[in-house]
$ cat entry.txt   # compact mmCIF, C-alpha atoms and all ligand atoms
# COMPACT_ATOMS: atom_id res chain seq x y z
CA MET L 52 9.21 9.65 9.76
CA LYS L 53 8.67 8.49 13.35
CA ILE L 54 9.28 4.91 14.44
CA GLY L 55 8.10 3.77 17.86
CA VAL L 56 9.77 1.16 20.03
CA LEU L 57 7.40 -0.59 22.43
CA ALA L 58 9.02 0.08 25.80
CA LEU L 59 7.43 -2.36 28.23
CA GLN L 60 10.55 -4.53 28.60
CA GLY L 61 13.68 -5.40 26.65
CA ALA L 62 16.29 -3.79 24.43
CA VAL L 63 14.61 -0.42 23.75
CA ALA L 64 17.52 2.04 23.65
CA GLU L 65 19.43 -0.22 21.24
CA HIS L 66 16.57 -0.16 18.74
CA ILE L 67 16.22 3.63 19.03
CA ARG L 68 19.94 3.96 18.28
CA LEU L 69 19.72 1.92 15.05
CA ILE L 70 16.47 3.57 13.93
CA GLU L 71 18.25 6.93 14.20
CA LYS L 72 21.36 5.57 12.50
CA ALA L 73 19.10 4.40 9.63
CA GLY L 74 17.68 7.92 9.33
CA ALA L 75 14.34 8.18 11.17
CA GLU L 76 13.21 9.54 14.52
CA GLY L 77 12.91 6.91 17.27
CA VAL L 78 10.10 7.28 19.82
CA VAL L 79 9.97 5.40 23.15
CA VAL L 80 6.36 4.15 23.36
CA LYS L 81 5.07 3.55 26.88
CA LYS L 82 1.42 4.50 26.46
CA ARG L 83 -1.16 3.19 24.06
CA GLU L 84 -2.09 6.75 22.96
CA GLN L 85 1.40 7.23 21.53
CA LEU L 86 0.65 4.67 18.80
CA ALA L 87 -1.23 7.44 16.99
CA GLU L 88 2.01 9.46 16.66
CA VAL L 89 4.18 6.82 15.00
CA ASP L 90 4.33 5.49 11.43
CA GLY L 91 5.71 2.07 12.38
CA ILE L 92 6.60 0.18 15.54
CA VAL L 93 9.33 -2.16 16.74
CA ILE L 94 8.57 -4.84 19.34
CA PRO L 95 11.90 -5.65 20.97
CA GLY L 96 13.35 -8.81 22.44
CA GLY L 97 13.08 -9.66 26.11
CA GLU L 98 10.72 -12.23 27.58
CA SER L 99 7.57 -12.75 25.52
CA THR L 100 5.49 -13.91 28.49
CA THR L 101 6.33 -10.71 30.38
CA ILE L 102 5.84 -8.45 27.36
CA GLY L 103 2.50 -10.17 26.63
CA LYS L 104 1.32 -9.70 30.21
CA LEU L 105 2.27 -6.00 30.23
CA MET L 106 0.63 -5.52 26.82
CA ARG L 107 -2.63 -6.87 28.26
CA THR L 108 -2.34 -4.62 31.34
CA TYR L 109 -1.67 -1.43 29.35
CA GLY L 110 -4.16 -1.88 26.50
CA PHE L 111 -1.56 -2.64 23.85
CA ILE L 112 -3.20 -5.85 22.63
CA ASP L 113 -6.16 -3.95 21.15
CA GLY L 114 -4.02 -0.92 20.33
CA LEU L 115 -1.47 -2.88 18.32
CA ARG L 116 -4.06 -5.10 16.60
CA GLU L 117 -5.73 -1.91 15.42
CA PHE L 118 -2.32 -0.51 14.36
CA SER L 119 -1.75 -3.65 12.30
CA SER L 120 -5.21 -3.64 10.77
CA GLN L 121 -4.53 -0.10 9.52
CA GLY L 122 -1.60 -1.59 7.61
CA LYS L 123 1.03 0.21 9.68
CA PRO L 124 4.35 -1.66 9.70
CA MET L 125 5.48 -3.69 12.71
CA PHE L 126 8.89 -5.26 13.29
CA GLY L 127 9.30 -7.95 15.97
CA THR L 128 12.74 -9.14 17.06
CA CYS L 129 13.20 -12.31 19.11
CA ALA L 130 10.51 -12.12 21.84
CA GLY L 131 8.83 -9.52 19.57
CA LEU L 132 8.54 -12.16 16.85
CA ILE L 133 6.80 -14.46 19.34
CA VAL L 134 4.42 -11.61 20.23
CA LEU L 135 3.45 -11.16 16.55
CA ALA L 136 2.88 -14.87 15.81
CA LYS L 137 -0.53 -16.47 15.33
CA GLU L 138 0.66 -19.78 16.82
CA ILE L 139 3.15 -20.48 19.60
CA THR L 140 4.04 -24.17 19.77
CA GLY L 141 2.93 -25.73 23.06
CA GLN L 142 0.94 -22.68 24.17
CA ASP L 143 -2.84 -22.32 23.92
CA GLU L 144 -2.84 -18.58 23.48
CA ALA L 145 -1.05 -16.21 21.16
CA HIS L 146 -0.28 -12.59 22.12
CA LEU L 147 -1.08 -10.26 19.18
CA GLY L 148 -1.60 -13.15 16.77
CA VAL L 149 -1.35 -10.92 13.69
CA MET L 150 1.33 -12.70 11.65
CA ASP L 151 0.66 -16.01 9.94
CA ILE L 152 3.62 -17.92 11.40
CA GLN L 153 4.01 -20.73 13.91
CA VAL L 154 6.97 -20.26 16.25
CA ALA L 155 8.84 -22.39 18.77
CA ARG L 156 10.38 -20.65 21.77
CA ASN L 157 13.94 -21.25 22.97
CA ALA L 158 14.41 -23.41 19.92
CA PHE L 159 18.18 -23.62 19.69
CA GLY L 160 18.72 -25.78 22.77
CA ARG L 161 20.59 -25.19 25.97
CA GLN L 162 24.08 -25.74 24.63
CA ARG L 163 23.53 -22.93 22.15
CA GLU L 164 21.76 -20.43 24.40
CA SER L 165 23.42 -17.59 22.57
CA PHE L 166 25.63 -17.21 19.53
CA GLU L 167 26.48 -14.81 16.72
CA THR L 168 26.64 -15.44 13.02
CA ASP L 169 26.45 -13.76 9.62
CA LEU L 170 23.24 -14.39 7.73
CA LYS L 171 22.12 -13.95 4.17
CA VAL L 172 18.91 -11.91 4.30
CA LYS L 173 16.79 -11.51 1.17
CA GLY L 174 16.52 -7.89 0.11
CA ILE L 175 19.47 -6.87 2.30
CA GLY L 176 22.66 -8.83 1.71
CA GLU L 177 24.97 -11.74 2.37
CA ASP L 178 26.58 -10.85 5.66
CA VAL L 179 24.04 -9.44 8.07
CA ARG L 180 25.40 -9.74 11.60
CA ALA L 181 22.92 -11.59 13.83
CA VAL L 182 22.95 -12.19 17.58
CA PHE L 183 20.78 -15.06 18.84
CA ILE L 184 19.83 -15.19 22.54
CA ARG L 185 17.50 -18.00 23.65
CA ALA L 186 16.01 -17.43 20.26
CA PRO L 187 12.75 -18.67 18.81
CA LEU L 188 12.52 -20.07 15.30
CA ILE L 189 9.73 -20.03 12.78
CA GLU L 190 8.48 -23.60 12.33
CA SER L 191 6.02 -22.87 9.54
CA VAL L 192 4.64 -19.95 7.56
CA GLY L 193 1.28 -19.24 5.90
CA THR L 194 0.86 -18.58 2.18
CA GLY L 195 1.28 -14.81 2.32
CA VAL L 196 4.57 -14.99 4.20
CA GLU L 197 7.92 -14.53 2.50
CA ILE L 198 10.94 -16.26 4.04
CA LEU L 199 13.82 -13.76 4.23
CA SER L 200 16.50 -15.80 5.96
CA THR L 201 17.36 -19.27 7.19
CA TYR L 202 20.05 -20.58 9.51
CA GLN L 203 20.91 -24.28 9.19
CA ASP L 204 17.67 -24.84 7.26
CA GLN L 205 15.56 -23.19 9.96
CA ILE L 206 13.57 -20.04 9.23
CA VAL L 207 14.90 -17.07 11.20
CA ALA L 208 13.43 -14.04 9.38
CA ALA L 209 10.20 -13.49 7.46
CA ARG L 210 7.90 -10.82 6.11
CA GLN L 211 4.15 -10.74 5.57
CA GLY L 212 3.24 -7.47 3.86
CA HIS L 213 3.60 -4.79 6.55
CA LEU L 214 4.89 -7.27 9.17
CA LEU L 215 8.58 -8.11 9.64
CA ALA L 216 9.99 -10.65 12.10
CA ALA L 217 13.46 -11.84 13.05
CA SER L 218 14.56 -14.54 15.54
CA PHE L 219 17.73 -12.62 16.26
CA HIS L 220 18.71 -9.21 17.64
CA PRO L 221 19.91 -6.83 14.92
CA GLU L 222 19.82 -4.04 17.54
CA LEU L 223 22.74 -5.58 19.45
CA THR L 224 25.09 -4.96 16.51
CA ASP L 225 26.18 -1.84 14.62
CA ASP L 226 24.56 -3.15 11.46
CA GLU L 227 21.54 -0.94 10.78
CA ARG L 228 20.48 -2.61 7.52
CA MET L 229 17.52 -4.55 9.00
CA HIS L 230 16.25 -1.26 10.43
CA ALA L 231 16.84 0.49 7.09
CA TYR L 232 14.81 -2.28 5.41
CA PHE L 233 12.00 -1.71 7.92
CA LEU L 234 12.15 2.05 7.29
CA ASP L 235 11.68 1.33 3.58
CA MET L 236 8.57 -0.71 4.43
CA VAL L 237 7.23 2.25 6.39
CA ARG L 238 8.06 4.65 3.56
CA ASP L 239 6.16 2.44 1.12
CA THR L 240 2.97 2.60 3.19
CA ARG L 241 2.97 6.39 3.42
N1 LIG L 301 13.35 -16.74 25.11
C1 LIG L 301 12.58 -15.52 25.05
C2 LIG L 301 11.09 -15.82 24.94
O1 LIG L 301 10.71 -16.94 24.78
C3 LIG L 301 13.03 -14.67 23.89
C4 LIG L 301 14.48 -14.31 24.07
C5 LIG L 301 14.87 -12.96 23.55
O2 LIG L 301 14.05 -12.11 23.21
N2 LIG L 301 16.16 -12.76 23.53
O3 LIG L 301 10.31 -14.95 25.03

$ encode --input "entry.txt" --output "structure tokens"
Amino acid sequence: MKIGVLALQGAVAEHIRLIEKAGAEGVVVKKREQLAEVDGIVIPGGESTTIGKLMRTYGFIDGLREFSSQGKPMFGTCAGLIVLAKEITGQDEAHLGVMDIQVARNAFGRQRESFETDLKVKGIGEDVRAVFIRAPLIESVGTGVEILSTYQDQIVAARQGHLLAASFHPELTDDERMHAYFLDMVRDTR
């Protein structure tokens, strides 16, 4: 099983490390053509505006929309979650716009720019280590979207069929269970 990590910007090596720890091969994806070689893809954190711009430049908007429409699993973390969302609060345009969620950027306020906590994540466990860095939150979800985790009554992880999204950075911990969960999603589609 090969899992790609979109390598335009952000925490790429960290995702590759946890994909491999969870038992699959991690592939650094820099070209659109490589999407054909992978069974699922991770869109890492970073800066969503920058990632979106680079995705447009390198043909990844069409490439990843096609990937999604084939039912191939996608996992967005932090900025990657913003990239997946259909609606970004206060912005006219979405990036991929494949997941039926509305998200707010930098939603935890300046005084809490970054923090770590343990979260209960449905389907995984009680104590998943989560690192939040200028994190977005999910303000609302469509009917087909399952809420997997909340933090102080705010939605911070969700799944819609083959799409998985988290406000936080599981790749900045040693806890590979979110990646193992994603690998199970990929296994189920094959
Ligand atoms: N604040 C970033 C954005 O809006 C996301 C931060 C992150 O990925 N750590 O795109």

$ residues_near_ligand --input "entry.txt" --ligand "ligand LIG 301 (chain L)" --cutoff "12 Å" --atoms "all atoms listed in the file" --output "PyMOL selection string"
chain L and resi 60-63+94-104+127-136+139-142+146+154-161+164-166+181-188+216-223

$ closest_residue --input "entry.txt" --among "L:Phe233, L:Gln153, L:Arg238, L:Glu177" --to "Val196 (chain L)" --atoms "only C-alpha atoms"
L:Gln153

$ atom_distance --input "entry.txt" --atom1 "CA of Val207 (chain L)" --atom2 "CA of Gly110 (chain L)"
28.8 Å

$ closest_residue --input "entry.txt" --among "L:Ile54, L:Ala64, L:Leu115, L:Ala145" --to "Arg83 (chain L)" --atoms "only C-alpha atoms"
L:Leu115

$ atom_distance --input "entry.txt" --atom1 "CA of Leu234 (chain L)" --atom2 "CA of Gly212 (chain L)"
13.5 Å

$ residues_around --input "entry.txt" --residues "region 67-73 of chain L" --least-positions-apart "5" --cutoff "6 Å" --atoms "only C-alpha atoms" --output "MDAnalysis selection string"
chainID L and resid 227 230:231

$ atom_distance --input "entry.txt" --atom1 "CA of Pro124 (chain L)" --atom2 "CA of Ile175 (chain L)"
17.6 Å

$ residues_around --input "entry.txt" --residues "Gln203 (chain L)" --least-positions-apart "2" --cutoff "12 Å" --atoms "all atoms listed in the file" --output "PDB file with C-alpha atoms, keeping the file's coordinate frame"
ATOM      1  CA  PHE L 159      18.180 -23.620  19.690  1.00  0.00           C
ATOM      2  CA  THR L 168      26.640 -15.440  13.020  1.00  0.00           C
ATOM      3  CA  ASP L 169      26.450 -13.760   9.620  1.00  0.00           C
ATOM      4  CA  LEU L 170      23.240 -14.390   7.730  1.00  0.00           C
ATOM      5  CA  LYS L 171      22.120 -13.950   4.170  1.00  0.00           C
ATOM      6  CA  LEU L 188      12.520 -20.070  15.300  1.00  0.00           C
ATOM      7  CA  SER L 200      16.500 -15.800   5.960  1.00  0.00           C
ATOM      8  CA  THR L 201      17.360 -19.270   7.190  1.00  0.00           C
ATOM      9  CA  GLN L 205      15.560 -23.190   9.960  1.00  0.00           C
ATOM     10  CA  ILE L 206      13.570 -20.040   9.230  1.00  0.00           C
ATOM     11  CA  VAL L 207      14.900 -17.070  11.200  1.00  0.00           C
TER      12      VAL L 207
END

$ closest_residue --input "entry.txt" --among "L:Met229, L:Val80, L:Val179, L:Leu215" --to "Tyr202 (chain L)" --atoms "only C-alpha atoms"
L:Val179

$ axis_aligned_box --input "entry.txt" --around "region 167-183 of chain L" --padding-each-side "3 Å" --output "JSON"
{"center_x": 21.6, "center_y": -11.2, "center_z": 9.5, "size_x": 16.1, "size_y": 14.6, "size_z": 24.7}

$ closest_residue --input "entry.txt" --among "L:Ser191, L:Gln121, L:Gln211, L:Thr240" --to "Met150 (chain L)" --atoms "all atoms listed in the file"
L:Gln211

$ decode --input "entry.txt" --residues "region 175-194 of chain L" --atoms "N, CA, C and O atoms" --output "tab-separated table (two decimals), in the first residue's frame"
chain	number	residue	atom	x	y	z
L	175	ILE	N	-10.79	5.58	17.47
L	175	ILE	CA	-9.36	5.46	17.79
L	175	ILE	C	-9.13	5.28	19.29
L	175	ILE	O	-8.57	4.29	19.73
L	176	GLY	N	-9.55	6.26	20.09
L	176	GLY	CA	-9.30	6.12	21.52
L	176	GLY	C	-9.50	7.40	22.29
L	176	GLY	O	-9.96	8.41	21.75
L	177	GLU	N	-9.13	7.34	23.55
L	177	GLU	CA	-9.43	8.41	24.52
L	177	GLU	C	-8.33	9.46	24.58
L	177	GLU	O	-8.54	10.56	25.07
L	178	ASP	N	-7.13	9.09	24.23
L	178	ASP	CA	-5.97	9.92	24.60
L	178	ASP	C	-5.04	10.13	23.41
L	178	ASP	O	-3.86	9.86	23.46
L	179	VAL	N	-5.63	10.61	22.32
L	179	VAL	CA	-4.83	10.85	21.12
L	179	VAL	C	-4.13	12.21	21.29
L	179	VAL	O	-4.78	13.23	21.53
L	180	ARG	N	-2.81	12.19	21.20
L	180	ARG	CA	-2.03	13.41	21.39
L	180	ARG	C	-2.22	14.33	20.19
L	180	ARG	O	-2.06	13.91	19.04
L	181	ALA	N	-2.57	15.59	20.46
L	181	ALA	CA	-2.86	16.52	19.36
L	181	ALA	C	-2.13	17.84	19.57
L	181	ALA	O	-2.16	18.41	20.64
L	182	VAL	N	-1.44	18.29	18.52
L	182	VAL	CA	-0.74	19.57	18.54
L	182	VAL	C	-1.51	20.54	17.64
L	182	VAL	O	-1.75	20.25	16.47
L	183	PHE	N	-1.91	21.67	18.21
L	183	PHE	CA	-2.64	22.70	17.47
L	183	PHE	C	-1.70	23.88	17.22
L	183	PHE	O	-1.11	24.40	18.16
L	184	ILE	N	-1.58	24.30	15.95
L	184	ILE	CA	-0.76	25.47	15.62
L	184	ILE	C	-1.56	26.39	14.69
L	184	ILE	O	-1.84	26.02	13.55
L	185	ARG	N	-1.94	27.56	15.20
L	185	ARG	CA	-2.80	28.47	14.43
L	185	ARG	C	-3.89	27.67	13.70
L	185	ARG	O	-4.09	27.80	12.49
L	186	ALA	N	-4.56	26.88	14.47
L	186	ALA	CA	-5.42	25.84	13.89
L	186	ALA	C	-6.78	26.37	13.44
L	186	ALA	O	-7.33	27.28	14.04
L	187	PRO	N	-7.31	25.73	12.40
L	187	PRO	CA	-8.68	26.02	11.99
L	187	PRO	C	-9.64	25.16	12.82
L	187	PRO	O	-9.22	24.17	13.42
L	188	LEU	N	-10.91	25.53	12.86
L	188	LEU	CA	-11.89	24.59	13.39
L	188	LEU	C	-13.03	24.45	12.41
L	188	LEU	O	-13.20	25.26	11.49
L	189	ILE	N	-13.78	23.37	12.60
L	189	ILE	CA	-14.88	23.07	11.69
L	189	ILE	C	-16.14	23.69	12.30
L	189	ILE	O	-16.57	23.29	13.39
L	190	GLU	N	-16.69	24.68	11.64
L	190	GLU	CA	-17.85	25.40	12.19
L	190	GLU	C	-19.15	24.65	11.96
L	190	GLU	O	-20.05	24.71	12.78
L	191	SER	N	-19.27	23.99	10.81
L	191	SER	CA	-20.46	23.18	10.58
L	191	SER	C	-20.15	22.08	9.59
L	191	SER	O	-19.19	22.16	8.81
L	192	VAL	N	-20.95	21.02	9.65
L	192	VAL	CA	-20.74	19.87	8.76
L	192	VAL	C	-22.04	19.53	8.03
L	192	VAL	O	-23.13	19.77	8.56
L	193	GLY	N	-21.91	18.98	6.83
L	193	GLY	CA	-23.07	18.53	6.05
L	193	GLY	C	-23.57	17.19	6.57
L	193	GLY	O	-22.96	16.59	7.47
L	194	THR	N	-24.66	16.71	5.97
L	194	THR	CA	-25.32	15.51	6.50
L	194	THR	C	-24.48	14.24	6.43
L	194	THR	O	-24.58	13.39	7.30
